[in-house]
There are 2 protein chains.
Amino acid sequence: MSLRHAVLGLLSEEGSASGYDLMKLFDVSLANVWPATQSQLYSELGKLAEAGLIDVSAEGPRGRKEYTITEKGRAELRRWLTEVEPTRVVRSDMLLRVFFLGRLSPEEAKAYLSTQAQLARKQLEHLESIRGVVEGGSGNLSTYGRLVLEYGHRLARSQQEWAEWAEKQIG
Amino acid sequence: MSLRHAVLGLLSEEGSASGYDLMKLFDVSLANVWPATQSQLYSELGKLAEAGLIDVSAEGPRGRKEYTITEKGRAELRRWLTEVEPTRVVRSDMLLRVFFLGRLSPEEAKAYLSTQAQLARKQLEHLESIRGVVEGGSGNLSTYGRLVLEYGHRLARSQQEWAEWAEKQIG
DNA sequence: ATAGTCATGTAATGAGTTACATGATTGC
DNA sequence: GCAATCATGTAACTCATTACATGACTAT
């Protein structure tokens, strides 16, 4: 149910936008915490319009439809932000594998954890590299996006440290 | 595609088990990193048997079917552990909301983060409380489960610290 | 003209959730 | 006898992924 709110949120920040615009915005912001595909996005826009949470406010060339959030949509966004508590569902096939490392030799198990540590380091570097870029933004999305970026940073560091620690626990 | 491997993994550790057995095992171990419902589990067992990755090795009272992993299944588990790289797809509606905190008043935004910090603290306490229980286990699942538990612990602590930090960032 | 980008959609399939349905066996 | 637990399954629905399909406009 969250893609729906992601779209409402973006529209509430942007004023109005087409599916195409939203898709690009998605890719550089929300995709990191809530991936979605193009086809999912378009069908969600259809459903939101049907439900009266957004309106087609203008049509442009190439069948472009510009959507705007309605009052009803704004209310729903607010309700979601303040009243619906986040579901903490974590799915990690990286951790799932850890449960079964006993099926491998200690060397193989260590190699697995070592790879994970390395990937976390890479991720850390990557996040540091985009930190500078995001620093420049000034809207709400950038301001709060920085908080999310910091979260990612801390997460990657934890992950790296954990993987290094875990490797030492074996054998 | 991971539930399939979760089941194979459990069966490879347990020797043999019924859907019902696996379900209970799931709830106390893997459910934290890969939740699954009863109906999902049963239908996955059907598909695995069909694909020849597991066999019905015995039938008991109440229609109980005991499954055992086959050589083919073991090979597939090993392949997944050593060759398939974990997909790092993170979905967090908790973080998704952060992007849109600008739609709320600073007080409301702070309240949101403060609640998240508190939830992380609770989670941390919870994990500490079960640490003693898990300490006792001796099989592979327990041994490696402890590594996963430690991960959860570190994650919860990071989350708590981040939420407290983020709260301070808001004017 | 033609490459690049803008722009929207459909179809098929798989994964996940919720609710329902049914009944046998065991322990007290 | 009855409650608890064991035990398996189906149906309907939503969400997510991948691939396909189509075409208009813009800048050079």
# chains A, B, ... in the order shown; residues from 1 in each chain; ligands from 1
>>> interface_residues(of="chain D", to="chain B", cutoff="12 Å", atoms="only C-alpha atoms (C1' of nucleotides)", output="number ranges by chain")
D: 5-11
>>> write_last_selection(atoms="C-alpha atoms (C1' of nucleotides)", output="mmCIF file, in the first residue's frame")
data_model
loop_
_atom_site.group_PDB
_atom_site.id
_atom_site.type_symbol
_atom_site.label_atom_id
_atom_site.label_comp_id
_atom_site.auth_asym_id
_atom_site.auth_seq_id
_atom_site.Cartn_x
_atom_site.Cartn_y
_atom_site.Cartn_z
ATOM 1 C "C1'" DT D 5 -3.161 -28.895 18.959
ATOM 2 C "C1'" DC D 6 -1.951 -31.096 14.722
ATOM 3 C "C1'" DA D 7 -2.418 -30.872 9.880
ATOM 4 C "C1'" DT D 8 -3.360 -29.614 5.119
ATOM 5 C "C1'" DG D 9 -5.276 -27.216 1.766
ATOM 6 C "C1'" DT D 10 -8.170 -23.569 -1.573
ATOM 7 C "C1'" DA D 11 -9.790 -19.102 -3.239
#
>>> interface_residues(of="chain B", to="chain A", cutoff="7 Å", atoms="only C-alpha atoms", output="mmCIF file with C-alpha atoms, in the first residue's frame")
data_model
loop_
_atom_site.group_PDB
_atom_site.id
_atom_site.type_symbol
_atom_site.label_atom_id
_atom_site.label_comp_id
_atom_site.auth_asym_id
_atom_site.auth_seq_id
_atom_site.Cartn_x
_atom_site.Cartn_y
_atom_site.Cartn_z
ATOM 1 C CA SER B 2 13.971 -17.115 -1.548
ATOM 2 C CA GLY B 9 17.721 -24.934 4.040
ATOM 3 C CA LEU B 30 13.719 -17.344 9.723
ATOM 4 C CA VAL B 33 14.478 -12.152 8.000
ATOM 5 C CA TRP B 34 12.012 -13.770 5.626
ATOM 6 C CA LEU B 81 24.415 -20.147 -1.147
ATOM 7 C CA PRO B 86 21.976 -11.540 -2.553
ATOM 8 C CA THR B 87 19.667 -8.928 -3.977
ATOM 9 C CA VAL B 90 15.373 -2.648 0.847
ATOM 10 C CA ARG B 91 11.804 -1.579 1.324
ATOM 11 C CA SER B 92 11.065 0.574 4.283
ATOM 12 C CA ASP B 93 7.887 2.530 4.634
ATOM 13 C CA MET B 94 9.384 3.990 7.789
ATOM 14 C CA LEU B 95 12.066 5.692 5.690
ATOM 15 C CA LEU B 96 9.637 6.489 2.916
ATOM 16 C CA ARG B 97 7.695 8.622 5.367
ATOM 17 C CA VAL B 98 10.837 10.524 6.271
ATOM 18 C CA PHE B 99 11.000 11.939 2.757
ATOM 19 C CA PHE B 100 7.640 13.551 3.338
ATOM 20 C CA LEU B 101 8.051 14.858 6.846
ATOM 21 C CA GLY B 102 8.148 18.334 5.326
ATOM 22 C CA ASN B 140 23.893 -25.073 12.994
ATOM 23 C CA LEU B 141 20.721 -23.030 12.951
ATOM 24 C CA TYR B 144 24.459 -19.078 12.729
ATOM 25 C CA GLY B 145 21.194 -17.751 14.055
ATOM 26 C CA LEU B 147 25.118 -14.130 13.994
ATOM 27 C CA VAL B 148 21.797 -12.986 12.602
ATOM 28 C CA TYR B 151 22.972 -8.226 13.187
ATOM 29 C CA ARG B 154 23.327 -3.716 15.746
ATOM 30 C CA LEU B 155 20.652 -2.650 13.320
ATOM 31 C CA SER B 158 21.829 2.128 14.658
ATOM 32 C CA TRP B 162 19.843 7.650 13.883
ATOM 33 C CA ALA B 166 17.524 13.021 13.044
#
>>> interface_residues(of="chain C", to="chain B", cutoff="10 Å", atoms="only C-alpha atoms (C1' of nucleotides)", output="VMD selection string")
chain C and resid 14 to 18 23 to 25
>>> select_by_dssp(residues="chain A", states="strand (DSSP E)", output="JSON, numbers by chain")
{"A": [16, 17, 54, 55, 56, 57, 58, 59, 65, 66, 67, 68, 69]}
>>> write_last_selection(atoms="N, CA, C and O atoms", output="PDB file, in the first residue's frame")
ATOM      1  N   SER A  16       2.522  19.523  -9.472  1.00  0.00           N
ATOM      2  CA  SER A  16       1.951  18.631 -10.460  1.00  0.00           C
ATOM      3  C   SER A  16       3.047  18.001 -11.295  1.00  0.00           C
ATOM      4  O   SER A  16       4.134  18.554 -11.431  1.00  0.00           O
ATOM      5  N   ALA A  17       2.750  16.861 -11.834  1.00  0.00           N
ATOM      6  CA  ALA A  17       3.752  16.136 -12.612  1.00  0.00           C
ATOM      7  C   ALA A  17       3.098  15.028 -13.418  1.00  0.00           C
ATOM      8  O   ALA A  17       2.006  14.564 -13.082  1.00  0.00           O
ATOM      9  N   ILE A  54      -6.102  11.934  -6.773  1.00  0.00           N
ATOM     10  CA  ILE A  54      -5.409  12.852  -7.670  1.00  0.00           C
ATOM     11  C   ILE A  54      -6.317  13.157  -8.868  1.00  0.00           C
ATOM     12  O   ILE A  54      -7.254  12.414  -9.139  1.00  0.00           O
ATOM     13  N   ASP A  55      -6.005  14.242  -9.549  1.00  0.00           N
ATOM     14  CA  ASP A  55      -6.759  14.650 -10.738  1.00  0.00           C
ATOM     15  C   ASP A  55      -5.830  14.805 -11.930  1.00  0.00           C
ATOM     16  O   ASP A  55      -4.667  15.141 -11.749  1.00  0.00           O
ATOM     17  N   VAL A  56      -6.362  14.605 -13.125  1.00  0.00           N
ATOM     18  CA  VAL A  56      -5.625  14.992 -14.314  1.00  0.00           C
ATOM     19  C   VAL A  56      -5.855  16.489 -14.493  1.00  0.00           C
ATOM     20  O   VAL A  56      -6.955  16.920 -14.821  1.00  0.00           O
ATOM     21  N   SER A  57      -4.815  17.268 -14.241  1.00  0.00           N
ATOM     22  CA  SER A  57      -5.002  18.720 -14.246  1.00  0.00           C
ATOM     23  C   SER A  57      -4.696  19.343 -15.592  1.00  0.00           C
ATOM     24  O   SER A  57      -5.074  20.468 -15.880  1.00  0.00           O
ATOM     25  N   ALA A  58      -3.973  18.609 -16.443  1.00  0.00           N
ATOM     26  CA  ALA A  58      -3.663  19.133 -17.770  1.00  0.00           C
ATOM     27  C   ALA A  58      -3.228  17.998 -18.677  1.00  0.00           C
ATOM     28  O   ALA A  58      -2.752  16.963 -18.208  1.00  0.00           O
ATOM     29  N   GLU A  59      -3.423  18.203 -19.988  1.00  0.00           N
ATOM     30  CA  GLU A  59      -2.910  17.213 -20.921  1.00  0.00           C
ATOM     31  C   GLU A  59      -2.003  17.918 -21.911  1.00  0.00           C
ATOM     32  O   GLU A  59      -2.270  19.042 -22.336  1.00  0.00           O
ATOM     33  N   LYS A  65      -0.122  13.368 -19.480  1.00  0.00           N
ATOM     34  CA  LYS A  65      -1.146  13.754 -18.515  1.00  0.00           C
ATOM     35  C   LYS A  65      -0.458  14.290 -17.272  1.00  0.00           C
ATOM     36  O   LYS A  65       0.395  13.624 -16.699  1.00  0.00           O
ATOM     37  N   GLU A  66      -0.866  15.479 -16.892  1.00  0.00           N
ATOM     38  CA  GLU A  66      -0.271  16.035 -15.699  1.00  0.00           C
ATOM     39  C   GLU A  66      -1.231  15.849 -14.541  1.00  0.00           C
ATOM     40  O   GLU A  66      -2.403  16.203 -14.634  1.00  0.00           O
ATOM     41  N   TYR A  67      -0.723  15.273 -13.488  1.00  0.00           N
ATOM     42  CA  TYR A  67      -1.565  14.976 -12.339  1.00  0.00           C
ATOM     43  C   TYR A  67      -1.339  15.977 -11.213  1.00  0.00           C
ATOM     44  O   TYR A  67      -0.237  16.478 -11.028  1.00  0.00           O
ATOM     45  N   THR A  68      -2.395  16.236 -10.487  1.00  0.00           N
ATOM     46  CA  THR A  68      -2.320  17.103  -9.312  1.00  0.00           C
ATOM     47  C   THR A  68      -3.024  16.409  -8.156  1.00  0.00           C
ATOM     48  O   THR A  68      -4.035  15.744  -8.357  1.00  0.00           O
ATOM     49  N   ILE A  69      -2.495  16.571  -6.975  1.00  0.00           N
ATOM     50  CA  ILE A  69      -3.109  15.941  -5.811  1.00  0.00           C
ATOM     51  C   ILE A  69      -4.373  16.707  -5.421  1.00  0.00           C
ATOM     52  O   ILE A  69      -4.432  17.927  -5.560  1.00  0.00           O
TER      53      ILE A  69
END
>>> residues_around(residues="segment 128-131 of chain B", least_positions_apart="2", cutoff="9 Å", atoms="only C-alpha atoms (C1' of nucleotides)", output="list of chain:residue names")
B:Gln123, B:Leu124, B:Glu125, B:His126, B:Val133, B:Val134, B:Glu135, B:Arg146, B:Leu149, B:Glu150, B:His153
>>> select_by_dssp(residues="segment 8-157 of chain A", states="helix (DSSP H, G or I)", output="ChimeraX atom specification")
/A:8-14,19-28,30-32,38-50,61-63,71-83,93-99,101-103,106-135,140-157
>>> atom_distance(atom1="atom C1' of DA7 of chain C", atom2="atom C1' of DA24 of chain D")
8.3 Å
>>> residues_around(residues="DA12 of chain C", least_positions_apart="2", cutoff="12 Å", atoms="only C-alpha atoms (C1' of nucleotides)", output="VMD selection string")
(chain C and resid 10 14) or (chain D and resid 17 to 20)
>>> decode(residues="segment 28-59 of chain B", atoms="N, CA and C atoms", output="short mmCIF file (atom, residue, chain, number, x, y, z; two decimals), in the first residue's frame")
data_model
loop_
_atom_site.label_atom_id
_atom_site.label_comp_id
_atom_site.auth_asym_id
_atom_site.auth_seq_id
_atom_site.Cartn_x
_atom_site.Cartn_y
_atom_site.Cartn_z
N VAL B 28 10.10 -19.22 14.72
CA VAL B 28 11.10 -18.88 15.74
C VAL B 28 12.48 -18.61 15.17
N SER B 29 12.60 -18.68 13.86
CA SER B 29 13.94 -18.42 13.32
C SER B 29 13.90 -17.52 12.09
N LEU B 30 13.63 -18.09 10.96
CA LEU B 30 13.72 -17.34 9.72
C LEU B 30 12.70 -16.23 9.56
N ALA B 31 11.58 -16.34 10.29
CA ALA B 31 10.52 -15.36 10.09
C ALA B 31 11.02 -13.92 10.25
N ASN B 32 12.08 -13.76 11.03
CA ASN B 32 12.60 -12.41 11.25
C ASN B 32 13.31 -11.82 10.04
N VAL B 33 13.83 -12.68 9.19
CA VAL B 33 14.48 -12.15 8.00
C VAL B 33 13.72 -12.48 6.71
N TRP B 34 12.79 -13.41 6.81
CA TRP B 34 12.01 -13.77 5.63
C TRP B 34 10.64 -14.32 6.02
N PRO B 35 9.73 -13.43 6.34
CA PRO B 35 8.40 -13.86 6.77
C PRO B 35 7.69 -14.65 5.68
N ALA B 36 6.89 -15.59 6.10
CA ALA B 36 6.06 -16.33 5.15
C ALA B 36 4.81 -16.81 5.87
N THR B 37 3.74 -16.93 5.12
CA THR B 37 2.51 -17.39 5.73
C THR B 37 2.38 -18.90 5.54
N GLN B 38 1.47 -19.45 6.30
CA GLN B 38 1.22 -20.88 6.24
C GLN B 38 0.86 -21.31 4.82
N SER B 39 -0.01 -20.57 4.19
CA SER B 39 -0.46 -21.02 2.87
C SER B 39 0.66 -20.94 1.84
N GLN B 40 1.52 -19.96 2.04
CA GLN B 40 2.66 -19.83 1.13
C GLN B 40 3.58 -21.03 1.28
N LEU B 41 3.78 -21.40 2.54
CA LEU B 41 4.67 -22.51 2.83
C LEU B 41 4.16 -23.82 2.23
N TYR B 42 2.89 -24.07 2.45
CA TYR B 42 2.34 -25.32 1.92
C TYR B 42 2.41 -25.35 0.40
N SER B 43 2.12 -24.25 -0.24
CA SER B 43 2.14 -24.31 -1.69
C SER B 43 3.57 -24.40 -2.21
N GLU B 44 4.50 -23.83 -1.47
CA GLU B 44 5.90 -23.95 -1.86
C GLU B 44 6.36 -25.41 -1.74
N LEU B 45 5.91 -26.08 -0.69
CA LEU B 45 6.27 -27.50 -0.52
C LEU B 45 5.76 -28.32 -1.71
N GLY B 46 4.56 -28.00 -2.15
CA GLY B 46 4.02 -28.68 -3.31
C GLY B 46 4.88 -28.49 -4.54
N LYS B 47 5.29 -27.23 -4.75
CA LYS B 47 6.10 -26.93 -5.94
C LYS B 47 7.47 -27.58 -5.87
N LEU B 48 8.04 -27.57 -4.66
CA LEU B 48 9.36 -28.18 -4.49
C LEU B 48 9.32 -29.68 -4.76
N ALA B 49 8.25 -30.31 -4.31
CA ALA B 49 8.11 -31.75 -4.53
C ALA B 49 7.95 -32.03 -6.02
N GLU B 50 7.15 -31.21 -6.65
CA GLU B 50 6.91 -31.33 -8.09
C GLU B 50 8.22 -31.21 -8.88
N ALA B 51 9.06 -30.30 -8.40
CA ALA B 51 10.32 -30.05 -9.10
C ALA B 51 11.40 -31.06 -8.73
N GLY B 52 11.06 -31.97 -7.81
CA GLY B 52 12.03 -33.01 -7.45
C GLY B 52 13.13 -32.54 -6.51
N LEU B 53 12.93 -31.40 -5.87
CA LEU B 53 13.95 -30.92 -4.93
C LEU B 53 13.74 -31.48 -3.52
N ILE B 54 12.52 -31.92 -3.27
CA ILE B 54 12.22 -32.62 -2.03
C ILE B 54 11.30 -33.81 -2.34
N ASP B 55 11.28 -34.76 -1.40
CA ASP B 55 10.42 -35.94 -1.54
C ASP B 55 9.50 -36.07 -0.34
N VAL B 56 8.35 -36.70 -0.56
CA VAL B 56 7.55 -37.10 0.58
C VAL B 56 8.13 -38.41 1.08
N SER B 57 8.77 -38.38 2.23
CA SER B 57 9.48 -39.57 2.70
C SER B 57 8.63 -40.43 3.62
N ALA B 58 7.56 -39.85 4.15
CA ALA B 58 6.68 -40.64 5.02
C ALA B 58 5.34 -39.94 5.16
N GLU B 59 4.31 -40.73 5.45
CA GLU B 59 3.01 -40.12 5.73
C GLU B 59 2.55 -40.59 7.09
#
